[in-house]
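Here is the structure we will look at.
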Amino acid sequence: MKIPVTQACKILHRPTQSAYAEEIRQFQGCPTIAITPHGRIFAGWYAGGTKEPHMENYNLLIQSDDLGKTWSKPVLVIPSDKTRCVHSLDIQLWTDPLGRLWVFWVQERTRQEKKNETGYVVDGYAFGLDRIHGEWAMVCDNPDAEELVFTQPRRLDDGFLRCKPLVLTSGRWINFNYDQNCDQYGYSISDDQGMTWQRRYGAKKVPTPFDEAMAVELLDGSIHMMARTSGELHALAETWSHDGGETWEEARLSRFQDPSSRFYYGRTPSGNLLLIKNDHASQRRNMTAFLSTDDGKTWPYHVVLDARNGTSYPDADFFGGKIYVVHDCGRTNEREILLSVFTEEDIIAGRKVTPTIISKSNAPLPC
């Protein structure tokens, strides 16, 4: 019988342990960003161990009170639980319409595999034992406060959330938390501002290893969702809903080339559409921001944020007329988490954007 994880991993507030120090991380990637109403920036990512997945992996959260010029040490760490064989992974941040900071993450059960008579070893784990990923969350009602206070962690639903939720003009919230056990796109809806969630399934998936999806509500009221696909397809998938996420059209390949990686898709405060992804069909390179000023009919404007190979997993938020984007580069080599700050006018003009490094580990590479 498959049993989901029903107990949260330990939550560490402002940990002092050297185990989470930047300089010893041999793996870090998959960043996310959220900005509060008063401009405090939170960034989080997945780190620790020598690779992903690894039972030394943990989620971390840092903050900046000067719009990204300087950053704190971890204010929150959610480590994997080796005693219970529970893997903690893939933090996702979001500031909701009420100004609250949501910290989402995923937990899954693993299995230890005995290697020799001396006992179990860190790399002796079989991950995705049941393929039941649990979406967990905590909420901070006042993320601009000097002392951050979070709700108790709770398991919202099955599924794996790797992109920001969508808020419809009707007030409905949609989490595109995918389900690897199903051949349909999975998602959760809330009509009470996140107090309760209902599990739903939409269109049949276009083949994919991880159907990370994100959507926008178009001006005609329809929802346009795009999702990651298998590498050999070289493009994002897309589908539409015309009834607030109740039913979905048949999914198909979109016009956007993609090397099978996460992307960001959202609406800017000015009303334009923003798409950030690797602008390449088969390699994770050319991290690029695209802008549409006609609700997605055309995408004439773009700017390259990072042309290097090994860049991936962008996430974005907005403050003061600027766009703030995080992405990673070389999760086990460069081990960089980067921040780009620019405007829509920069995209339209094609001005050069130079990202700055939030975090970089110089630990010796694993043998």
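Residue numbers start at 1 in each chain; chains themselves are named A, B, ... in the order of the structure tokens; ligands are numbered from 1 in the order shown.
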Find the spatial neighbours of A:Cys329, counting only C-alpha atoms, within a cut-off of 6 Å - ignore same-chain residues fewer than 6 positions away - and output them as number ranges by chain.
A: 310-311, 336
Filtering to N, CA, C and O atoms, could you give me those residues as a short mmCIF file (atom, residue, chain, number, x, y, z; two decimals), in the first residue's frame?
data_model
loop_
_atom_site.label_atom_id
_atom_site.label_comp_id
_atom_site.auth_asym_id
_atom_site.auth_seq_id
_atom_site.Cartn_x
_atom_site.Cartn_y
_atom_site.Cartn_z
N GLY A 310 24.16 25.54 -19.39
CA GLY A 310 23.97 25.13 -18.00
C GLY A 310 23.10 26.07 -17.20
O GLY A 310 22.99 25.92 -15.98
N THR A 311 22.45 27.03 -17.84
CA THR A 311 21.53 27.92 -17.13
C THR A 311 20.13 27.32 -17.15
O THR A 311 19.72 26.70 -18.13
N GLU A 336 26.06 28.47 -9.26
CA GLU A 336 25.70 29.87 -9.12
C GLU A 336 24.18 30.05 -9.07
O GLU A 336 23.44 29.43 -9.83
#
Write out as a PyMOL selection string the set of residues from stretch 62-246 of chain A that DSSP, computed on the backbone, places in strand (DSSP E).
chain A and resi 62-64+76-79+86-95+101-109+111-112+125-126+134-140+154-158+166-167+173-175+184-190+198-204+213-217+223-227+235-241
Selection near stretch 362-366 of chain A, 12 Å with only C-alpha atoms, sequence-local residues under 6 positions removed, as number ranges by chain
A: 21-28, 48-51, 330-336
Could you pull the residues within 12 Å of A:Glu146, counting only C-alpha atoms, minus those fewer than 4 positions along the same chain, as number ranges by chain?
A: 40, 63, 65, 75, 140, 142
Residues of stretch 288-361 of chain A that approach stretch 151-174 of chain A to 12 Å or less, counting only C-alpha atoms: could you list each one with the shortest pair of atoms and its distance in Å to one decimal, rows by chain and increasing residue number, as a tab-separated table?
residue	atom	partner	partner_atom	distance
A:Tyr313	CA	A:Arg162	CA	9.3
A:Pro314	CA	A:Cys163	CA	9.5
A:Asp315	CA	A:Cys163	CA	7.7
A:Ala316	CA	A:Lys164	CA	9.1
A:Asp317	CA	A:Lys164	CA	9.8
For the residues in that selection, give me N, CA, C and O atoms as a compact mmCIF listing (two decimals), in the first residue's frame.
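Saved as result-v4.txt:
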# COMPACT_ATOMS: atom_id res chain seq x y z
N TYR A 313 15.94 27.09 -14.89
CA TYR A 313 14.96 27.31 -13.83
C TYR A 313 14.80 28.78 -13.42
O TYR A 313 15.10 29.15 -12.28
N PRO A 314 14.29 29.62 -14.32
CA PRO A 314 14.04 31.02 -13.95
C PRO A 314 12.77 31.15 -13.12
O PRO A 314 11.83 30.36 -13.23
N ASP A 315 12.74 32.18 -12.29
CA ASP A 315 11.54 32.58 -11.57
C ASP A 315 11.59 34.09 -11.47
O ASP A 315 12.68 34.69 -11.49
N ALA A 316 10.43 34.76 -11.35
CA ALA A 316 10.40 36.22 -11.42
C ALA A 316 9.38 36.81 -10.47
O ALA A 316 8.41 36.15 -10.07
N ASP A 317 9.61 38.07 -10.12
CA ASP A 317 8.63 38.88 -9.41
C ASP A 317 8.87 40.34 -9.78
O ASP A 317 9.84 40.66 -10.49
Which one is closest to A:Thr70: A:Leu93, A:Ile358, A:Ala215, A:Leu233? Count only C-alpha atoms.
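Closest to A:Thr70 of all the choices is A:Ile358.
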May I ask which of the residues A:Ile78, A:Cys30, A:Ile41, A:Ala237 is the closest one to A:Arg14, counting only C-alpha atoms?
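Smallest separation from A:Arg14 among the options: A:Ile78.
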Need to verify the contact set: A:Ser261, 12 Å, only C-alpha atoms, exclusion of same-chain residues closer than 5 positions in sequence. Can you return it as an NGL selection string?
:A and (30 or 162-163 or 208-213 or 226-231 or 233-237 or 276-285 or 287 or 310-314 or 327-328)
For A:Ser292, the nearest of the candidates A:Asp96, A:Glu344, A:Glu238, A:Asp144, counting only C-alpha atoms
A:Glu344
Give me the residues within 7 Å of stretch 192-206 of chain A as number ranges by chain, counting only C-alpha atoms and dropping any in the same chain fewer than 3 places off.
A: 156, 173, 183-189, 229, 237, 247-252
Please compute the atom CA of A:Ala34-atom CA of A:Thr288 distance, one decimal, in Å.
19.6 Å
Can you pull out the residues contacting A:Met55? Cut-off 10 Å, using only C-alpha atoms, and skip same-chain residues under 2 positions away; I want them as a PyMOL selection string.
chain A and resi 48-53+57-58+79-82+85-89+110+121-125+127
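Relative to atom CA of A:Ile11, atom CA of A:Asn177 is found at 21.9 Å.
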Which value, in Å to one decimal, gives the distance between atom CA of A:Phe342 and atom CA of A:Val325?
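Computing the Euclidean distance for atom CA of A:Phe342 and atom CA of A:Val325 yields 8.6 Å.
Candidate residues A:Ile33, A:Ala47, A:Ile347, A:Thr268 were compared for distance to A:Ser361, and the nearest is A:Ala47, using only C-alpha atoms.
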Given only C-alpha atoms as the basis, pick out the residue of A:Ile337, A:Ile3, A:Val326, A:Gln180 nearest to A:Arg109.
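Closest to A:Arg109 of all the choices is A:Ile3.
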For A:Lys322, which residue among A:Ser340, A:Asn59, A:Asn309, A:Asn286 is the nearest when counting only C-alpha atoms?
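When distances to A:Lys322 are compared using only C-alpha atoms, the smallest one comes from A:Ser340.
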